[in-house]
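Worksheet for the structure shown next.
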Amino acid sequence: MRLGAPPSVSWGRLAELRGPGVRPRSLDARALAALAANPGCRRRALLDGAGIDKGALAQALGSPAAYGQSQFAIVRGHAFEAKVTSDGGTELLRLLHERLAPGTPPPAPDEVATPDLSAAGPAGRTARTALALREATAAGGWALLRHPMLAVEVAGSPAYVEPDAVVVHPDGSWTVVEIKSFPMIDGAADAAKVGAAARQAAVYVLALEPVAGQVGAYTGREVTVRDRVLLVCPKDFSNLPTAAPVDVRKQLATTRRQLARLTRVEDIAGALPEGTTFDLRLDDDGKTATRPPEELAEAVESVGAAYAPECLAACELAFHCRKRSREEGAVEALGRGVRGELGGLRTVAEVLAAAGPEAPEPPVAPDGPDDPAVVALRRAAALRAEVLARAAVPGPRAEEPGCP
């Protein structure tokens, strides 16, 4: 995997997949983290790499997903972030100094640089961010970059991610800051939400690493991206900010490995039937899809998917993929754990056939009747039959002596 490298996929081919005049949908860190969690899904890799709106595609297919944040949560998050970063980020820098740099001189408000990162387009903002990081690191002081833009190459296609903030330390190290609206109660937050935030932060750290290498070569300083990020949340049930450091080394290793496993978008696109497109043929209102759902379904099914129940919380197409998986009787619909235990058995029908004593050598079992999965299934079926055979309807209760 190359981070921040120029794209190698044909832009014309991606435009054909989206449809004429359709702007590509940006890929954020949340989607990248979900993509890295399921690198075997060629369907999601292609659709995300081509910038296709999977939510609109699922709606046109008749399988809309209840996925994403509520408008209330988005507004609340923006309000809390504005509070945390107000006054030049004074409160944010205080929290960061307390949690990650104790024993060092605290940053004075007038000594913190807050460079302007505005530029035209994602590529322009990415270049402006790299320049601001280089200047802040060379200056040797504190700097707060709000909503910097970073580039990541995913499966041969560029993606732009935007962390809430990046802080440059006087020693040349950089810290990613994640600001979330879920609370920390008594110093602890919901473990699942913290884990999701850590996976997103790992994407930002990965995107910063090549920039750090370039800045280090230019300035002659040792530049490092810290693997402990700062998570800022509301304290208890108030709107006051509190923070905690989060070690993302595990998420870094996992995300780096999983993104490297993704098949390149150009390879997936090259294997599609000629003329395949995911164009919705929107009506004049720009929202209503006019393309027949059958054609869209055929285009979607031309790309292999790797459905798992976890997709329901991470992908807009999950309900469509679940429906297809159930129709085909695929064991993947039962979960990755069950799928791993069943070995070469691919469908529920094959599993039931392998468990039956009347099928001594199921053709789907690599090792015939001695296949461990077949042995376990038949043992479970025999135990079930034995239990059902012994079960009987309880007879009438014996008369009990009356109470004296």
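Labels used: A, B, ... for chains in the order of the structure tokens, numbers from 1 for residues in each chain, and numbers from 1 for ligands as shown.
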All residues 10 Å or closer to Pro109 (chain A), only C-alpha atoms, same chain fewer than 4 positions away omitted, as number ranges by chain: A: 87-91, 93-94, 113, 142
Serialized selection, all heavy atoms, as a tab-separated table (two decimals), in the first residue's frame:
```tsv
chain	number	residue	atom	x	y	z
A	87	ASP	N	-11.57	30.06	20.82
A	87	ASP	CA	-10.48	30.83	21.44
A	87	ASP	C	-9.11	30.29	21.03
A	87	ASP	O	-8.19	30.17	21.86
A	87	ASP	CB	-10.60	30.83	22.97
A	87	ASP	CG	-11.88	31.50	23.45
A	87	ASP	OD1	-12.33	32.44	22.77
A	87	ASP	OD2	-12.43	31.06	24.47
A	88	GLY	N	-8.98	29.97	19.75
A	88	GLY	CA	-7.69	29.49	19.28
A	88	GLY	C	-7.31	28.12	19.79
A	88	GLY	O	-6.13	27.75	19.75
A	89	GLY	N	-8.29	27.35	20.27
A	89	GLY	CA	-8.00	26.01	20.77
A	89	GLY	C	-7.34	25.99	22.13
A	89	GLY	O	-6.63	25.02	22.46
A	90	THR	N	-7.56	27.03	22.93
A	90	THR	CA	-6.92	27.11	24.25
A	90	THR	C	-7.27	25.91	25.12
A	90	THR	O	-6.40	25.28	25.72
A	90	THR	CB	-7.33	28.41	24.96
A	90	THR	OG1	-6.97	29.53	24.15
A	90	THR	CG2	-6.66	28.52	26.32
A	91	GLU	N	-8.56	25.58	25.21
A	91	GLU	CA	-8.98	24.47	26.06
A	91	GLU	C	-8.47	23.14	25.50
A	91	GLU	O	-8.05	22.26	26.26
A	91	GLU	CB	-10.51	24.45	26.15
A	91	GLU	CG	-11.07	23.34	27.03
A	91	GLU	CD	-10.70	23.49	28.49
A	91	GLU	OE1	-10.19	24.57	28.87
A	91	GLU	OE2	-10.91	22.52	29.26
A	93	LEU	N	-5.71	22.64	23.72
A	93	LEU	CA	-4.28	22.53	24.00
A	93	LEU	C	-4.01	22.26	25.48
A	93	LEU	O	-3.06	21.55	25.83
A	93	LEU	CB	-3.56	23.81	23.56
A	93	LEU	CG	-3.00	23.84	22.13
A	93	LEU	CD1	-1.89	22.82	21.97
A	93	LEU	CD2	-4.08	23.62	21.09
A	94	ARG	N	-4.85	22.80	26.36
A	94	ARG	CA	-4.69	22.53	27.78
A	94	ARG	C	-4.92	21.06	28.07
A	94	ARG	O	-4.14	20.42	28.80
A	94	ARG	CB	-5.68	23.39	28.60
A	94	ARG	CG	-5.53	23.21	30.12
A	94	ARG	CD	-6.65	23.89	30.86
A	94	ARG	NE	-7.92	23.21	30.63
A	94	ARG	CZ	-8.31	22.11	31.27
A	94	ARG	NH1	-7.50	21.54	32.16
A	94	ARG	NH2	-9.48	21.57	31.02
A	113	ALA	N	0.38	28.53	16.91
A	113	ALA	CA	0.07	28.90	15.53
A	113	ALA	C	-1.19	28.18	15.07
A	113	ALA	O	-1.37	26.99	15.35
A	113	ALA	CB	1.24	28.57	14.62
A	142	TRP	N	4.38	25.28	19.09
A	142	TRP	CA	3.08	24.61	19.08
A	142	TRP	C	2.27	25.12	17.88
A	142	TRP	O	2.34	26.28	17.52
A	142	TRP	CB	2.30	24.91	20.36
A	142	TRP	CG	2.85	24.26	21.59
A	142	TRP	CD1	3.73	24.81	22.47
A	142	TRP	CD2	2.54	22.96	22.07
A	142	TRP	NE1	4.00	23.92	23.49
A	142	TRP	CE2	3.29	22.78	23.27
A	142	TRP	CE3	1.72	21.93	21.64
A	142	TRP	CZ2	3.22	21.61	24.02
A	142	TRP	CZ3	1.66	20.76	22.38
A	142	TRP	CH2	2.40	20.61	23.56
```
Members of region 147-389 of chain A assigned alpha helix (DSSP H) by DSSP, as a VMD selection string: chain A and resid 191 to 219 249 to 261 265 to 270 293 to 301 318 to 328 336 to 341 348 to 355 372 to 389
Test item: residues at most 9 Å from region 212-223 of chain A, only C-alpha atoms, excluding those fewer than 2 positions along its chain, as a PyMOL selection string: chain A and resi 130-131+133-135+137-138+171-174+208-210+225
Any chance you could export the current selection's N, CA and C atoms as a compact mmCIF listing (two decimals), in the first residue's frame?
```txt
# COMPACT_ATOMS: atom_id res chain seq x y z
N ALA A 130 0.03 19.99 3.95
CA ALA A 130 1.43 19.55 4.00
C ALA A 130 2.37 20.73 4.19
N LEU A 131 2.07 21.85 3.53
CA LEU A 131 2.91 23.05 3.68
C LEU A 131 2.81 23.61 5.10
N LEU A 133 2.08 21.95 7.85
CA LEU A 133 2.79 21.05 8.76
C LEU A 133 4.30 21.27 8.66
N ARG A 134 4.79 21.48 7.45
CA ARG A 134 6.22 21.71 7.27
C ARG A 134 6.66 23.01 7.94
N GLU A 135 5.89 24.07 7.76
CA GLU A 135 6.25 25.37 8.36
C GLU A 135 6.16 25.31 9.88
N THR A 137 6.45 22.66 11.84
CA THR A 137 7.51 21.81 12.37
C THR A 137 8.85 22.54 12.33
N ALA A 138 9.12 23.24 11.25
CA ALA A 138 10.37 23.99 11.14
C ALA A 138 10.46 25.11 12.17
N ASP A 171 8.70 19.48 19.94
CA ASP A 171 9.75 18.49 19.67
C ASP A 171 9.65 17.88 18.28
N GLY A 172 8.70 18.33 17.48
CA GLY A 172 8.57 17.84 16.12
C GLY A 172 7.60 16.69 15.95
N SER A 173 6.96 16.24 17.01
CA SER A 173 5.98 15.16 16.91
C SER A 173 4.60 15.74 16.64
N TRP A 174 3.74 14.90 16.07
CA TRP A 174 2.37 15.31 15.73
C TRP A 174 1.38 14.39 16.44
N LEU A 208 -0.88 10.51 7.79
CA LEU A 208 0.13 11.51 8.18
C LEU A 208 1.56 10.99 8.03
N GLU A 209 1.75 9.69 8.09
CA GLU A 209 3.10 9.13 8.09
C GLU A 209 3.93 9.52 6.87
N PRO A 210 3.41 9.41 5.64
CA PRO A 210 4.25 9.83 4.51
C PRO A 210 4.53 11.32 4.50
N VAL A 225 4.81 10.74 13.97
CA VAL A 225 3.37 10.80 14.23
C VAL A 225 3.08 9.91 15.43
```
From A:Leu252, A:Leu95, A:Leu240, A:Ala299, residue lying nearest Val167 (chain A) [only C-alpha atoms]: A:Leu95
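Minimum atom-to-atom distances from A:Gly343, A:Gly141, A:Gly329, A:Gly55 to Pro107 (chain A) were compared using only C-alpha atoms, and the lowest value belongs to A:Gly141.
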CA of Phe319 (chain A) to CA of Pro64 (chain A), straight-line distance in Å: 7.1 Å
Strand (DSSP E) residues, from DSSP on the backbone, in region 230-320 of chain A, as a list in words: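 The strand (DSSP E) subset of region 230-320 of chain A is Leu230, Leu231, Val232, Cys233, Pro234, Pro241, Thr242, Ala243, Ala244, Pro245, Val246 and Asp247 of chain A.
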Residue with smallest distance to Thr255 (chain A) - pool A:Phe278, A:Tyr160, A:Phe237, A:Tyr204, counting only C-alpha atoms: A:Tyr204
Contacts of Leu317 (chain A) within 10 Å, only C-alpha atoms, excl. fewer than 2 positions in-chain, as JSON, numbers by chain: {"A": [43, 44, 54, 55, 56, 57, 58, 59, 61, 63, 64, 65, 67, 300, 307, 311, 312, 314, 315, 319, 320, 321, 322]}
Grab the residues selected above and save them as a PDB file, in the first residue's frame with N, CA, C and O atoms.
```pdb
ATOM      1  N   ARG A  43     -16.804  -5.834  -3.912  1.00  0.00           N
ATOM      2  CA  ARG A  43     -17.901  -4.921  -4.259  1.00  0.00           C
ATOM      3  C   ARG A  43     -17.727  -3.575  -3.582  1.00  0.00           C
ATOM      4  O   ARG A  43     -17.807  -2.523  -4.225  1.00  0.00           O
ATOM      5  N   ARG A  44     -17.464  -3.602  -2.283  1.00  0.00           N
ATOM      6  CA  ARG A  44     -17.307  -2.332  -1.585  1.00  0.00           C
ATOM      7  C   ARG A  44     -16.033  -1.621  -2.020  1.00  0.00           C
ATOM      8  O   ARG A  44     -16.012  -0.390  -2.140  1.00  0.00           O
ATOM      9  N   LYS A  54     -23.336   4.652  -2.356  1.00  0.00           N
ATOM     10  CA  LYS A  54     -23.943   3.354  -2.059  1.00  0.00           C
ATOM     11  C   LYS A  54     -25.318   3.506  -1.430  1.00  0.00           C
ATOM     12  O   LYS A  54     -26.173   2.638  -1.585  1.00  0.00           O
ATOM     13  N   GLY A  55     -25.558   4.602  -0.717  1.00  0.00           N
ATOM     14  CA  GLY A  55     -26.867   4.821  -0.126  1.00  0.00           C
ATOM     15  C   GLY A  55     -27.934   5.007  -1.189  1.00  0.00           C
ATOM     16  O   GLY A  55     -29.015   4.412  -1.116  1.00  0.00           O
ATOM     17  N   ALA A  56     -27.640   5.833  -2.196  1.00  0.00           N
ATOM     18  CA  ALA A  56     -28.591   6.033  -3.290  1.00  0.00           C
ATOM     19  C   ALA A  56     -28.758   4.753  -4.097  1.00  0.00           C
ATOM     20  O   ALA A  56     -29.861   4.433  -4.566  1.00  0.00           O
ATOM     21  N   LEU A  57     -27.681   3.995  -4.258  1.00  0.00           N
ATOM     22  CA  LEU A  57     -27.753   2.727  -4.984  1.00  0.00           C
ATOM     23  C   LEU A  57     -28.643   1.730  -4.251  1.00  0.00           C
ATOM     24  O   LEU A  57     -29.483   1.055  -4.864  1.00  0.00           O
ATOM     25  N   ALA A  58     -28.493   1.644  -2.927  1.00  0.00           N
ATOM     26  CA  ALA A  58     -29.336   0.740  -2.143  1.00  0.00           C
ATOM     27  C   ALA A  58     -30.800   1.152  -2.207  1.00  0.00           C
ATOM     28  O   ALA A  58     -31.699   0.306  -2.273  1.00  0.00           O
ATOM     29  N   GLN A  59     -31.052   2.461  -2.196  1.00  0.00           N
ATOM     30  CA  GLN A  59     -32.429   2.955  -2.298  1.00  0.00           C
ATOM     31  C   GLN A  59     -33.049   2.551  -3.626  1.00  0.00           C
ATOM     32  O   GLN A  59     -34.202   2.106  -3.687  1.00  0.00           O
ATOM     33  N   LEU A  61     -32.243   0.032  -5.439  1.00  0.00           N
ATOM     34  CA  LEU A  61     -32.399  -1.419  -5.473  1.00  0.00           C
ATOM     35  C   LEU A  61     -33.562  -1.898  -4.612  1.00  0.00           C
ATOM     36  O   LEU A  61     -33.895  -3.082  -4.623  1.00  0.00           O
ATOM     37  N   SER A  63     -33.557  -1.716  -1.253  1.00  0.00           N
ATOM     38  CA  SER A  63     -33.063  -2.220   0.037  1.00  0.00           C
ATOM     39  C   SER A  63     -32.347  -1.107   0.790  1.00  0.00           C
ATOM     40  O   SER A  63     -31.147  -1.184   1.043  1.00  0.00           O
ATOM     41  N   PRO A  64     -33.076  -0.039   1.137  1.00  0.00           N
ATOM     42  CA  PRO A  64     -32.425   1.068   1.855  1.00  0.00           C
ATOM     43  C   PRO A  64     -31.958   0.624   3.223  1.00  0.00           C
ATOM     44  O   PRO A  64     -32.576  -0.228   3.865  1.00  0.00           O
ATOM     45  N   ALA A  65     -30.851   1.190   3.652  1.00  0.00           N
ATOM     46  CA  ALA A  65     -30.272   0.813   4.940  1.00  0.00           C
ATOM     47  C   ALA A  65     -30.422   1.942   5.933  1.00  0.00           C
ATOM     48  O   ALA A  65     -30.211   3.115   5.597  1.00  0.00           O
ATOM     49  N   TYR A  67     -28.635   3.440   8.053  1.00  0.00           N
ATOM     50  CA  TYR A  67     -27.212   3.527   8.389  1.00  0.00           C
ATOM     51  C   TYR A  67     -26.797   4.988   8.388  1.00  0.00           C
ATOM     52  O   TYR A  67     -27.222   5.766   7.530  1.00  0.00           O
ATOM     53  N   VAL A 300     -24.650  -4.801  -9.940  1.00  0.00           N
ATOM     54  CA  VAL A 300     -24.104  -4.993  -8.597  1.00  0.00           C
ATOM     55  C   VAL A 300     -23.641  -6.424  -8.397  1.00  0.00           C
ATOM     56  O   VAL A 300     -22.571  -6.688  -7.835  1.00  0.00           O
ATOM     57  N   TYR A 307     -20.245 -10.759   2.307  1.00  0.00           N
ATOM     58  CA  TYR A 307     -21.185 -10.302   3.324  1.00  0.00           C
ATOM     59  C   TYR A 307     -20.938 -10.987   4.662  1.00  0.00           C
ATOM     60  O   TYR A 307     -20.615 -12.175   4.727  1.00  0.00           O
ATOM     61  N   CYS A 311     -21.623  -6.206   8.569  1.00  0.00           N
ATOM     62  CA  CYS A 311     -21.795  -5.196   7.522  1.00  0.00           C
ATOM     63  C   CYS A 311     -23.018  -4.319   7.767  1.00  0.00           C
ATOM     64  O   CYS A 311     -23.085  -3.188   7.281  1.00  0.00           O
ATOM     65  N   LEU A 312     -24.008  -4.835   8.500  1.00  0.00           N
ATOM     66  CA  LEU A 312     -25.237  -4.077   8.727  1.00  0.00           C
ATOM     67  C   LEU A 312     -24.975  -2.764   9.456  1.00  0.00           C
ATOM     68  O   LEU A 312     -25.755  -1.821   9.326  1.00  0.00           O
ATOM     69  N   ALA A 314     -22.115  -1.033   9.025  1.00  0.00           N
ATOM     70  CA  ALA A 314     -20.993  -0.329   8.408  1.00  0.00           C
ATOM     71  C   ALA A 314     -21.140  -0.069   6.922  1.00  0.00           C
ATOM     72  O   ALA A 314     -20.306   0.620   6.355  1.00  0.00           O
ATOM     73  N   CYS A 315     -22.180  -0.592   6.268  1.00  0.00           N
ATOM     74  CA  CYS A 315     -22.272  -0.449   4.814  1.00  0.00           C
ATOM     75  C   CYS A 315     -23.717  -0.215   4.396  1.00  0.00           C
ATOM     76  O   CYS A 315     -24.636  -0.886   4.880  1.00  0.00           O
ATOM     77  N   PHE A 319     -28.126  -4.468   3.473  1.00  0.00           N
ATOM     78  CA  PHE A 319     -29.419  -5.146   3.420  1.00  0.00           C
ATOM     79  C   PHE A 319     -29.621  -5.845   2.085  1.00  0.00           C
ATOM     80  O   PHE A 319     -30.212  -6.927   2.017  1.00  0.00           O
ATOM     81  N   HIS A 320     -29.134  -5.243   1.022  1.00  0.00           N
ATOM     82  CA  HIS A 320     -29.202  -5.905  -0.282  1.00  0.00           C
ATOM     83  C   HIS A 320     -28.341  -7.173  -0.287  1.00  0.00           C
ATOM     84  O   HIS A 320     -28.790  -8.228  -0.748  1.00  0.00           O
ATOM     85  N   CYS A 321     -27.121  -7.058   0.219  1.00  0.00           N
ATOM     86  CA  CYS A 321     -26.223  -8.214   0.244  1.00  0.00           C
ATOM     87  C   CYS A 321     -26.762  -9.313   1.151  1.00  0.00           C
ATOM     88  O   CYS A 321     -26.625 -10.508   0.844  1.00  0.00           O
ATOM     89  N   ARG A 322     -27.390  -8.932   2.262  1.00  0.00           N
ATOM     90  CA  ARG A 322     -27.967  -9.942   3.161  1.00  0.00           C
ATOM     91  C   ARG A 322     -29.114 -10.679   2.469  1.00  0.00           C
ATOM     92  O   ARG A 322     -29.238 -11.914   2.587  1.00  0.00           O
TER      93      ARG A 322
END
```
Nearby residues (only C-alpha atoms) at most 10 Å from Ser118 (chain A), same-chain spacing under 4 positions excluded, as a VMD selection string: chain A and resid 122 124 to 126 128 to 129 147 to 149
Å distance separating CA of Leu145 (chain A) from CA of Asp116 (chain A), one decimal place: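 Distance between the two atoms: 8.1 Å.
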Shortest interatomic distance to Pro158 (chain A) - which of A:Gly49, A:Pro102, A:Gly187, A:Pro115, counting only C-alpha atoms: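 The answer is A:Gly49, which sits nearest to Pro158 (chain A).
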All residues 10 Å or closer to Gly21 (chain A), only C-alpha atoms, same chain fewer than 5 positions away omitted, as a PyMOL selection string: chain A and resi 15-16+279
Nearby residues (only C-alpha atoms) at most 7 Å from region 378-389 of chain A, same-chain spacing under 3 positions excluded, as a list in words: Ala355, Gly356, Val374 and Val375 of chain A
Go ahead and write the selection's residues with all heavy atoms as a compact mmCIF listing (two decimals), in the first residue's frame.
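Result file is selection00.txt:
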```txt
# COMPACT_ATOMS: atom_id res chain seq x y z
N ALA A 355 -24.83 -33.26 7.39
CA ALA A 355 -25.20 -33.71 8.73
C ALA A 355 -26.07 -34.95 8.70
O ALA A 355 -26.20 -35.65 9.71
CB ALA A 355 -25.93 -32.59 9.48
N GLY A 356 -26.67 -35.26 7.53
CA GLY A 356 -27.58 -36.40 7.45
C GLY A 356 -26.84 -37.72 7.31
O GLY A 356 -25.89 -37.83 6.54
N VAL A 374 -17.78 -32.21 8.89
CA VAL A 374 -18.82 -33.23 8.70
C VAL A 374 -18.97 -34.08 9.96
O VAL A 374 -20.09 -34.38 10.40
CB VAL A 374 -18.49 -34.11 7.48
CG1 VAL A 374 -19.49 -35.26 7.37
CG2 VAL A 374 -18.51 -33.28 6.20
N VAL A 375 -17.86 -34.47 10.55
CA VAL A 375 -17.90 -35.27 11.78
C VAL A 375 -18.63 -34.52 12.88
O VAL A 375 -19.48 -35.07 13.59
CB VAL A 375 -16.47 -35.66 12.21
CG1 VAL A 375 -16.50 -36.33 13.58
CG2 VAL A 375 -15.82 -36.56 11.18
```
